[in-house]
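Enquirer: So that you have it, the file is protein21.cif, and it contains mmCIF, C-alpha atoms and all ligand atoms; chains and numbers go by the auth columns:
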data_query
loop_
_atom_site.group_PDB
_atom_site.id
_atom_site.type_symbol
_atom_site.label_atom_id
_atom_site.label_comp_id
_atom_site.label_asym_id
_atom_site.label_seq_id
_atom_site.Cartn_x
_atom_site.Cartn_y
_atom_site.Cartn_z
_atom_site.B_iso_or_equiv
_atom_site.auth_seq_id
_atom_site.auth_asym_id
ATOM 1 C CA MET A 1 0.742 18.924 -9.570 0.00 1 B
ATOM 2 C CA ARG A 2 0.722 15.204 -10.269 0.00 2 B
ATOM 3 C CA ILE A 3 -2.078 12.700 -9.649 0.00 3 B
ATOM 4 C CA ASP A 4 -1.486 8.949 -9.985 0.00 4 B
ATOM 5 C CA ILE A 5 -4.700 6.939 -10.216 0.00 5 B
ATOM 6 C CA ILE A 6 -4.533 3.195 -9.513 0.00 6 B
ATOM 7 C CA THR A 7 -7.420 1.178 -10.941 0.00 7 B
ATOM 8 C CA VAL A 8 -8.464 -2.227 -12.289 0.00 8 B
ATOM 9 C CA VAL A 9 -10.458 -0.533 -15.083 0.00 9 B
ATOM 10 C CA PRO A 10 -8.167 2.101 -16.630 0.00 10 B
ATOM 11 C CA GLU A 11 -10.483 2.338 -19.691 0.00 11 B
ATOM 12 C CA MET A 12 -13.070 3.981 -17.465 0.00 12 B
ATOM 13 C CA LEU A 13 -10.822 7.004 -17.047 0.00 13 B
ATOM 14 C CA ASP A 14 -9.579 7.340 -20.657 0.00 14 B
ATOM 15 C CA GLY A 15 -12.304 9.446 -22.226 0.00 15 B
ATOM 16 C CA PHE A 16 -12.605 11.613 -19.189 0.00 16 B
ATOM 17 C CA LEU A 17 -8.912 12.408 -18.921 0.00 17 B
ATOM 18 C CA ASN A 18 -8.611 13.136 -22.627 0.00 18 B
ATOM 19 C CA THR A 19 -11.546 15.488 -23.040 0.00 19 B
ATOM 20 C CA SER A 20 -12.341 17.369 -19.856 0.00 20 B
ATOM 21 C CA ILE A 21 -10.713 20.239 -18.038 0.00 21 B
ATOM 22 C CA LEU A 22 -8.074 17.668 -17.146 0.00 22 B
ATOM 23 C CA ALA A 23 -6.957 17.353 -20.782 0.00 23 B
ATOM 24 C CA ARG A 24 -6.561 21.120 -20.996 0.00 24 B
ATOM 25 C CA ALA A 25 -4.692 21.409 -17.730 0.00 25 B
ATOM 26 C CA GLN A 26 -2.352 18.626 -18.800 0.00 26 B
ATOM 27 C CA LYS A 27 -1.670 20.288 -22.166 0.00 27 B
ATOM 28 C CA LYS A 28 -0.873 23.526 -20.394 0.00 28 B
ATOM 29 C CA GLY A 29 1.554 21.667 -18.143 0.00 29 B
ATOM 30 C CA LEU A 30 -0.387 22.525 -14.985 0.00 30 B
ATOM 31 C CA ALA A 31 -1.141 18.935 -14.032 0.00 31 B
ATOM 32 C CA GLU A 32 -0.028 15.445 -14.900 0.00 32 B
ATOM 33 C CA ILE A 33 -2.468 12.602 -14.439 0.00 33 B
ATOM 34 C CA HIS A 34 -1.150 9.065 -14.737 0.00 34 B
ATOM 35 C CA VAL A 35 -3.387 6.010 -14.716 0.00 35 B
ATOM 36 C CA HIS A 36 -1.955 2.693 -13.547 0.00 36 B
ATOM 37 C CA ASN A 37 -3.513 -0.673 -14.244 0.00 37 B
ATOM 38 C CA LEU A 38 -3.348 -2.652 -11.005 0.00 38 B
ATOM 39 C CA ARG A 39 -3.175 -5.889 -13.009 0.00 39 B
ATOM 40 C CA ASP A 40 0.251 -4.845 -14.284 0.00 40 B
ATOM 41 C CA TYR A 41 1.534 -5.293 -10.722 0.00 41 B
ATOM 42 C CA THR A 42 0.155 -8.728 -9.915 0.00 42 B
ATOM 43 C CA THR A 43 2.552 -11.647 -9.598 0.00 43 B
ATOM 44 C CA ASP A 44 -0.296 -14.088 -10.262 0.00 44 B
ATOM 45 C CA LYS A 45 -0.122 -15.672 -13.723 0.00 45 B
ATOM 46 C CA HIS A 46 -3.848 -15.083 -14.262 0.00 46 B
ATOM 47 C CA ARG A 47 -3.360 -11.432 -13.343 0.00 47 B
ATOM 48 C CA ARG A 48 -5.807 -11.779 -10.457 0.00 48 B
ATOM 49 C CA VAL A 49 -6.053 -8.854 -8.109 0.00 49 B
ATOM 50 C CA ASP A 50 -8.784 -10.179 -5.777 0.00 50 B
ATOM 51 C CA ASP A 51 -9.624 -13.234 -3.692 0.00 51 B
ATOM 52 C CA TYR A 52 -12.351 -14.598 -1.398 0.00 52 B
ATOM 53 C CA PRO A 53 -12.680 -12.907 1.988 0.00 53 B
ATOM 54 C CA TYR A 54 -11.600 -14.664 5.184 0.00 54 B
ATOM 55 C CA GLY A 55 -14.611 -15.400 7.379 0.00 55 B
ATOM 56 C CA GLY A 56 -16.787 -16.678 4.554 0.00 56 B
ATOM 57 C CA PHE A 57 -18.390 -13.323 3.745 0.00 57 B
ATOM 58 C CA ALA A 58 -19.899 -12.593 0.337 0.00 58 B
ATOM 59 C CA GLY A 59 -18.014 -10.875 -2.473 0.00 59 B
ATOM 60 C CA MET A 60 -14.365 -10.521 -3.387 0.00 60 B
ATOM 61 C CA VAL A 61 -11.609 -8.514 -1.742 0.00 61 B
ATOM 62 C CA MET A 62 -8.677 -6.813 -3.452 0.00 62 B
ATOM 63 C CA GLN A 63 -5.402 -8.374 -2.331 0.00 63 B
ATOM 64 C CA CYS A 64 -2.490 -6.614 -0.646 0.00 64 B
ATOM 65 C CA GLN A 65 0.354 -7.599 -2.980 0.00 65 B
ATOM 66 C CA PRO A 66 -0.529 -5.788 -6.261 0.00 66 B
ATOM 67 C CA ILE A 67 -1.579 -2.639 -4.415 0.00 67 B
ATOM 68 C CA ASP A 68 1.475 -2.657 -2.166 0.00 68 B
ATOM 69 C CA ASP A 69 3.815 -3.180 -5.129 0.00 69 B
ATOM 70 C CA CYS A 70 2.165 -0.505 -7.246 0.00 70 B
ATOM 71 C CA ILE A 71 2.290 2.071 -4.442 0.00 71 B
ATOM 72 C CA ALA A 72 5.892 1.077 -3.629 0.00 72 B
ATOM 73 C CA ALA A 73 6.909 1.565 -7.282 0.00 73 B
ATOM 74 C CA LEU A 74 5.373 5.052 -7.290 0.00 74 B
ATOM 75 C CA LYS A 75 6.850 6.000 -3.913 0.00 75 B
ATOM 76 C CA ALA A 76 10.297 4.942 -5.160 0.00 76 B
ATOM 77 C CA GLU A 77 10.050 7.706 -7.797 0.00 77 B
ATOM 78 C CA ARG A 78 8.807 10.615 -5.695 0.00 78 B
ATOM 79 C CA ASN A 79 7.272 11.608 -2.388 0.00 79 B
ATOM 80 C CA TYR A 80 3.501 11.710 -2.096 0.00 80 B
ATOM 81 C CA ASP A 81 1.521 14.197 -0.012 0.00 81 B
ATOM 82 C CA GLU A 82 -1.492 11.901 0.285 0.00 82 B
ATOM 83 C CA ILE A 83 -2.368 8.338 -0.646 0.00 83 B
ATOM 84 C CA ILE A 84 -6.119 8.479 -1.029 0.00 84 B
ATOM 85 C CA PHE A 85 -8.522 5.543 -1.082 0.00 85 B
ATOM 86 C CA THR A 86 -11.975 6.049 -2.562 0.00 86 B
ATOM 87 C CA THR A 87 -14.617 4.364 -0.440 0.00 87 B
ATOM 88 C CA PRO A 88 -18.244 5.053 0.552 0.00 88 B
ATOM 89 C CA ASP A 89 -17.195 4.969 4.240 0.00 89 B
ATOM 90 C CA GLY A 90 -14.552 7.674 3.773 0.00 90 B
ATOM 91 C CA GLU A 91 -14.580 11.329 4.760 0.00 91 B
ATOM 92 C CA GLN A 92 -17.042 13.338 2.654 0.00 92 B
ATOM 93 C CA PHE A 93 -15.330 15.100 -0.275 0.00 93 B
ATOM 94 C CA ASP A 94 -16.330 18.766 -0.498 0.00 94 B
ATOM 95 C CA GLN A 95 -15.035 22.107 -1.772 0.00 95 B
ATOM 96 C CA PRO A 96 -12.762 22.802 1.226 0.00 96 B
ATOM 97 C CA MET A 97 -11.137 19.386 0.704 0.00 97 B
ATOM 98 C CA ALA A 98 -10.736 20.109 -3.036 0.00 98 B
ATOM 99 C CA ASN A 99 -9.096 23.439 -2.198 0.00 99 B
ATOM 100 C CA GLU A 100 -6.741 21.781 0.252 0.00 100 B
ATOM 101 C CA LEU A 101 -5.769 18.984 -2.137 0.00 101 B
ATOM 102 C CA SER A 102 -5.205 21.446 -5.004 0.00 102 B
ATOM 103 C CA LEU A 103 -2.291 22.887 -2.996 0.00 103 B
ATOM 104 C CA LYS A 104 -0.491 19.523 -2.860 0.00 104 B
ATOM 105 C CA GLY A 105 2.296 18.392 -5.164 0.00 105 B
ATOM 106 C CA ASN A 106 1.782 14.651 -5.647 0.00 106 B
ATOM 107 C CA LEU A 107 -1.296 12.559 -4.924 0.00 107 B
ATOM 108 C CA ILE A 108 -2.132 8.895 -5.343 0.00 108 B
ATOM 109 C CA ILE A 109 -5.787 7.914 -5.690 0.00 109 B
ATOM 110 C CA LEU A 110 -6.443 4.205 -5.244 0.00 110 B
ATOM 111 C CA CYS A 111 -9.831 3.241 -6.667 0.00 111 B
ATOM 112 C CA GLY A 112 -11.690 0.724 -4.550 0.00 112 B
ATOM 113 C CA HIS A 113 -13.662 -2.092 -6.180 0.00 113 B
ATOM 114 C CA TYR A 114 -15.602 -5.261 -5.416 0.00 114 B
ATOM 115 C CA LYS A 115 -16.450 -5.654 -1.733 0.00 115 B
ATOM 116 C CA GLY A 116 -13.410 -3.657 -0.721 0.00 116 B
ATOM 117 C CA ILE A 117 -9.678 -3.997 -0.304 0.00 117 B
ATOM 118 C CA ASP A 118 -7.730 -5.972 2.269 0.00 118 B
ATOM 119 C CA TYR A 119 -7.986 -3.777 5.356 0.00 119 B
ATOM 120 C CA ARG A 120 -4.233 -3.977 5.985 0.00 120 B
ATOM 121 C CA ILE A 121 -3.682 -1.717 2.969 0.00 121 B
ATOM 122 C CA ARG A 122 -5.946 0.887 4.558 0.00 122 B
ATOM 123 C CA GLU A 123 -4.144 0.581 7.880 0.00 123 B
ATOM 124 C CA HIS A 124 -0.590 0.681 6.582 0.00 124 B
ATOM 125 C CA LEU A 125 -0.499 2.588 3.297 0.00 125 B
ATOM 126 C CA ILE A 126 -3.543 4.824 2.919 0.00 126 B
ATOM 127 C CA THR A 127 -3.316 8.331 4.416 0.00 127 B
ATOM 128 C CA LYS A 128 -6.812 9.572 3.542 0.00 128 B
ATOM 129 C CA GLU A 129 -10.123 7.813 2.844 0.00 129 B
ATOM 130 C CA VAL A 130 -12.623 9.769 0.806 0.00 130 B
ATOM 131 C CA SER A 131 -16.259 9.339 -0.259 0.00 131 B
ATOM 132 C CA ILE A 132 -18.027 11.573 -2.773 0.00 132 B
ATOM 133 C CA GLY A 133 -21.462 11.117 -1.195 0.00 133 B
ATOM 134 C CA ASP A 134 -23.915 8.831 0.539 0.00 134 B
ATOM 135 C CA PHE A 135 -24.562 6.368 -2.263 0.00 135 B
ATOM 136 C CA VAL A 136 -22.695 3.298 -3.476 0.00 136 B
ATOM 137 C CA LEU A 137 -20.764 3.234 -6.740 0.00 137 B
ATOM 138 C CA THR A 138 -19.568 -0.015 -8.292 0.00 138 B
ATOM 139 C CA GLY A 139 -16.014 1.259 -8.284 0.00 139 B
ATOM 140 C CA GLY A 140 -14.010 4.240 -7.168 0.00 140 B
ATOM 141 C CA GLU A 141 -13.142 5.368 -10.720 0.00 141 B
ATOM 142 C CA LEU A 142 -16.011 7.831 -11.035 0.00 142 B
ATOM 143 C CA ALA A 143 -15.152 9.177 -7.596 0.00 143 B
ATOM 144 C CA ALA A 144 -11.491 9.562 -8.618 0.00 144 B
ATOM 145 C CA ALA A 145 -12.620 11.358 -11.786 0.00 145 B
ATOM 146 C CA CYS A 146 -14.903 13.730 -9.816 0.00 146 B
ATOM 147 C CA MET A 147 -12.179 14.504 -7.315 0.00 147 B
ATOM 148 C CA SER A 148 -9.506 15.043 -9.975 0.00 148 B
ATOM 149 C CA ASP A 149 -11.774 17.418 -11.888 0.00 149 B
ATOM 150 C CA ALA A 150 -12.679 19.416 -8.774 0.00 150 B
ATOM 151 C CA ILE A 151 -9.002 19.637 -7.747 0.00 151 B
ATOM 152 C CA VAL A 152 -7.378 20.392 -11.100 0.00 152 B
ATOM 153 C CA ARG A 153 -9.830 23.116 -12.134 0.00 153 B
ATOM 154 C CA LEU A 154 -8.645 25.078 -9.097 0.00 154 B
ATOM 155 C CA LEU A 155 -5.041 25.232 -10.333 0.00 155 B
ATOM 156 C CA PRO A 156 -4.220 28.779 -11.455 0.00 156 B
ATOM 157 C CA GLY A 157 -4.677 28.980 -15.233 0.00 157 B
ATOM 158 C CA ALA A 158 -6.704 25.765 -15.526 0.00 158 B
ATOM 159 C CA ILE A 159 -9.922 27.533 -16.415 0.00 159 B
ATOM 160 C CA GLY A 160 -10.092 30.530 -18.693 0.00 160 B
ATOM 161 C CA ASP A 161 -11.405 33.116 -16.309 0.00 161 B
ATOM 162 C CA GLU A 162 -9.549 32.766 -13.014 0.00 162 B
ATOM 163 C CA GLN A 163 -12.200 34.759 -11.254 0.00 163 B
ATOM 164 C CA SER A 164 -14.803 32.139 -12.060 0.00 164 B
ATOM 165 C CA ALA A 165 -13.304 29.361 -9.904 0.00 165 B
ATOM 166 C CA LEU A 166 -13.621 31.688 -6.918 0.00 166 B
ATOM 167 C CA SER A 167 -17.245 32.567 -7.670 0.00 167 B
ATOM 168 C CA ASP A 168 -18.303 28.916 -7.932 0.00 168 B
ATOM 169 C CA SER A 169 -21.134 27.641 -5.823 0.00 169 B
ATOM 170 C CA PHE A 170 -19.762 26.424 -2.458 0.00 170 B
ATOM 171 C CA GLN A 171 -16.520 28.366 -2.725 0.00 171 B
ATOM 172 C CA ASP A 172 -17.692 30.734 0.025 0.00 172 B
ATOM 173 C CA HIS A 173 -20.342 28.367 1.427 0.00 173 B
ATOM 174 C CA LEU A 174 -22.931 30.034 -0.811 0.00 174 B
ATOM 175 C CA LEU A 175 -24.689 28.833 -3.941 0.00 175 B
ATOM 176 C CA ALA A 176 -23.909 30.921 -7.016 0.00 176 B
ATOM 177 C CA ALA A 177 -26.368 33.507 -8.365 0.00 177 B
ATOM 178 C CA PRO A 178 -28.226 32.719 -11.634 0.00 178 B
ATOM 179 C CA VAL A 179 -26.464 33.680 -14.869 0.00 179 B
ATOM 180 C CA TYR A 180 -27.897 34.760 -18.238 0.00 180 B
ATOM 181 C CA THR A 181 -26.671 35.447 -21.761 0.00 181 B
ATOM 182 C CA ARG A 182 -28.068 37.025 -24.922 0.00 182 B
ATOM 183 C CA PRO A 183 -30.759 37.615 -26.001 0.00 183 B
ATOM 184 C CA ALA A 184 -32.144 39.782 -23.191 0.00 184 B
ATOM 185 C CA ASP A 185 -35.653 38.686 -24.184 0.00 185 B
ATOM 186 C CA TYR A 186 -36.199 35.115 -25.372 0.00 186 B
ATOM 187 C CA LYS A 187 -39.855 34.291 -26.156 0.00 187 B
ATOM 188 C CA GLY A 188 -40.826 36.831 -23.509 0.00 188 B
ATOM 189 C CA TRP A 189 -38.536 35.244 -20.878 0.00 189 B
ATOM 190 C CA ARG A 190 -36.661 38.304 -19.706 0.00 190 B
ATOM 191 C CA VAL A 191 -33.246 38.702 -18.149 0.00 191 B
ATOM 192 C CA PRO A 192 -33.511 40.644 -14.835 0.00 192 B
ATOM 193 C CA ASP A 193 -33.392 44.389 -15.604 0.00 193 B
ATOM 194 C CA VAL A 194 -30.643 45.079 -13.087 0.00 194 B
ATOM 195 C CA LEU A 195 -28.177 43.000 -15.135 0.00 195 B
ATOM 196 C CA LEU A 196 -28.809 45.225 -18.177 0.00 196 B
ATOM 197 C CA SER A 197 -28.432 48.439 -16.153 0.00 197 B
ATOM 198 C CA GLY A 198 -24.632 48.681 -16.338 0.00 198 B
ATOM 199 C CA HIS A 199 -24.673 49.737 -12.666 0.00 199 B
ATOM 200 C CA ASP A 200 -21.852 47.641 -11.155 0.00 200 B
ATOM 201 C CA ALA A 201 -22.657 48.257 -7.487 0.00 201 B
ATOM 202 C CA LYS A 202 -26.331 47.393 -7.993 0.00 202 B
ATOM 203 C CA ILE A 203 -25.425 44.297 -10.003 0.00 203 B
ATOM 204 C CA HIS A 204 -23.086 43.129 -7.259 0.00 204 B
ATOM 205 C CA GLU A 205 -25.737 43.753 -4.615 0.00 205 B
ATOM 206 C CA TRP A 206 -28.265 41.752 -6.676 0.00 206 B
ATOM 207 C CA GLU A 207 -25.787 38.889 -7.079 0.00 207 B
ATOM 208 C CA MET A 208 -25.149 38.708 -3.308 0.00 208 B
ATOM 209 C CA ALA A 209 -28.870 38.844 -2.527 0.00 209 B
ATOM 210 C CA GLN A 210 -29.612 36.071 -5.056 0.00 210 B
ATOM 211 C CA SER A 211 -26.795 33.994 -3.703 0.00 211 B
ATOM 212 C CA LEU A 212 -28.049 34.325 -0.136 0.00 212 B
ATOM 213 C CA GLU A 213 -31.684 33.736 -1.046 0.00 213 B
ATOM 214 C CA ARG A 214 -30.898 30.583 -3.053 0.00 214 B
ATOM 215 C CA THR A 215 -28.661 29.232 -0.294 0.00 215 B
ATOM 216 C CA LYS A 216 -31.301 29.871 2.410 0.00 216 B
ATOM 217 C CA ARG A 217 -33.983 28.203 0.310 0.00 217 B
ATOM 218 C CA LEU A 218 -32.044 25.287 -1.226 0.00 218 B
ATOM 219 C CA ARG A 219 -29.139 24.556 1.134 0.00 219 B
ATOM 220 C CA PRO A 220 -29.791 26.063 4.580 0.00 220 B
ATOM 221 C CA ASP A 221 -27.219 23.600 5.981 0.00 221 B
ATOM 222 C CA LEU A 222 -24.436 25.567 4.237 0.00 222 B
ATOM 223 C CA LEU A 223 -25.337 28.751 6.107 0.00 223 B
ATOM 224 C CA GLU A 224 -25.195 26.983 9.459 0.00 224 B
ATOM 225 C CA ARG A 225 -21.516 26.108 8.932 0.00 225 B
HETATM 226 CL CL1 LIG B . -15.372 7.107 -3.195 0.00 1 H
HETATM 227 N N1 LIG B . -16.482 4.814 -3.894 0.00 1 H
HETATM 228 C C1 LIG B . -17.531 4.022 -4.092 0.00 1 H
HETATM 229 N N2 LIG B . -17.343 2.773 -4.518 0.00 1 H
HETATM 230 N N3 LIG B . -18.780 4.409 -3.910 0.00 1 H
HETATM 231 C C2 LIG B . -18.950 5.668 -3.494 0.00 1 H
HETATM 232 C C3 LIG B . -17.901 6.544 -3.273 0.00 1 H
HETATM 233 C C4 LIG B . -16.649 6.081 -3.469 0.00 1 H
HETATM 234 N N4 LIG B . -18.389 7.726 -2.875 0.00 1 H
HETATM 235 C C5 LIG B . -19.699 7.560 -2.863 0.00 1 H
HETATM 236 N N5 LIG B . -20.043 6.328 -3.223 0.00 1 H
#
Could you take the file, read its structure, and then write that structure out as structure tokens?
Ligand code: 6GU

Expert:
Amino acid sequence: MRIDIITVVPEMLDGFLNTSILARAQKKGLAEIHVHNLRDYTTDKHRRVDDYPYGGFAGMVMQCQPIDDCIAALKAERNYDEIIFTTPDGEQFDQPMANELSLKGNLIILCGHYKGIDYRIREHLITKEVSIGDFVLTGGELAAACMSDAIVRLLPGAIGDEQSALSDSFQDHLLAAPVYTRPADYKGWRVPDVLLSGHDAKIHEWEMAQSLERTKRLRPDLLER
């Protein structure tokens, strides 16, 4: 799959793309992530991408032209399944949305900034508006990074043990059971006996019970879905 991220601060995505699961997936040829600097598409000699809002409101608004031209340049090369805009008033990103997006071929993620973008872009070019939670980020870059990570790690072969993406918290609307590694006794803090028993059926039963108990206690809203 291919993800094109459009941003005014490409540096914000550098380290992340070159170190995380995304770096590995790209090396393996499972995903291509391309970052585009919106300023490269401005026709303004000062490379401005924003202007004052009509109506005298506070803050700056990202202009239509650079965004339109950048998206047009990408669309001229290939078809896109979704053109996503990151914004706190978007649809809440969650595991089902990550699953759905991981099945797509080409995605654009436009990172919002400042007070917002000219609404005409949202009306005419954006196909999906997404928020990563009820809090306000300065820009959409961290949201784009979160979404890309959650999507790409689902691609077959992206993480070592394919089983583990399926047993993630949320994947079946349940929180994951606790996990432990050696030693079995650390300063008297003991690993649950059942996990040392070698009894697969009992271990599985324990895992399900833990998963249910933790979900009921910590995230009862997930069980209601
Ligand atoms: Cl997608 N963008 C911004 N700027 N803030 C957010 C967000 C997105 N999701 C939660 N807060």

Enquirer: Region 44-71 of chain B near region 7-16 of chain B within 10 Å: what's each residue's closest atom pair and its distance in Å to one decimal, counting all atoms listed in the file, ordered by chain then ascending residue number, as JSON lines?

Expert:
{"residue": "B:Val49", "atom": "CA", "partner": "B:Val8", "partner_atom": "CA", "distance": 8.2}
{"residue": "B:Met62", "atom": "CA", "partner": "B:Val8", "partner_atom": "CA", "distance": 10.0}
{"residue": "B:Ile67", "atom": "CA", "partner": "B:Thr7", "partner_atom": "CA", "distance": 9.6}

Enquirer: Output the neighbourhood of ligand LIG 1 (chain H) as a ChimeraX atom specification, that is, all protein and nucleic acid residues with some atom at most 12 Å from the ligand, counting all atoms listed in the file.

Expert: /B:7,84-94,109-117,128-148

Enquirer: Rounded to one decimal place, report the CA of Ser211 (chain B)-CA of Pro96 (chain B) distance in Å.

Expert: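 One can read the CA of Ser211 (chain B) to CA of Pro96 (chain B) distance as 18.6 Å.
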
Enquirer: Measuring between only C-alpha atoms, which one of B:Gly29, B:Ala209, B:Asp221, B:Asp118 shows the shortest distance to Tyr54 (chain B)?

Expert: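 Using only C-alpha atoms, Tyr54 (chain B) sits closest to B:Asp118.
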
Enquirer: Evaluated on this file, the PyMOL selection byres (((chain B and resi 179) around 10) and not hetatm) picks out some residues - which ones are they, written as a compact mmCIF listing (two decimals) with C-alpha atoms, in the frame of the given file?

Expert:
# COMPACT_ATOMS: atom_id res chain seq x y z
CA ALA B 176 -23.91 30.92 -7.02
CA ALA B 177 -26.37 33.51 -8.36
CA PRO B 178 -28.23 32.72 -11.63
CA TYR B 180 -27.90 34.76 -18.24
CA THR B 181 -26.67 35.45 -21.76
CA VAL B 191 -33.25 38.70 -18.15
CA PRO B 192 -33.51 40.64 -14.84
CA LEU B 195 -28.18 43.00 -15.14
CA GLU B 207 -25.79 38.89 -7.08
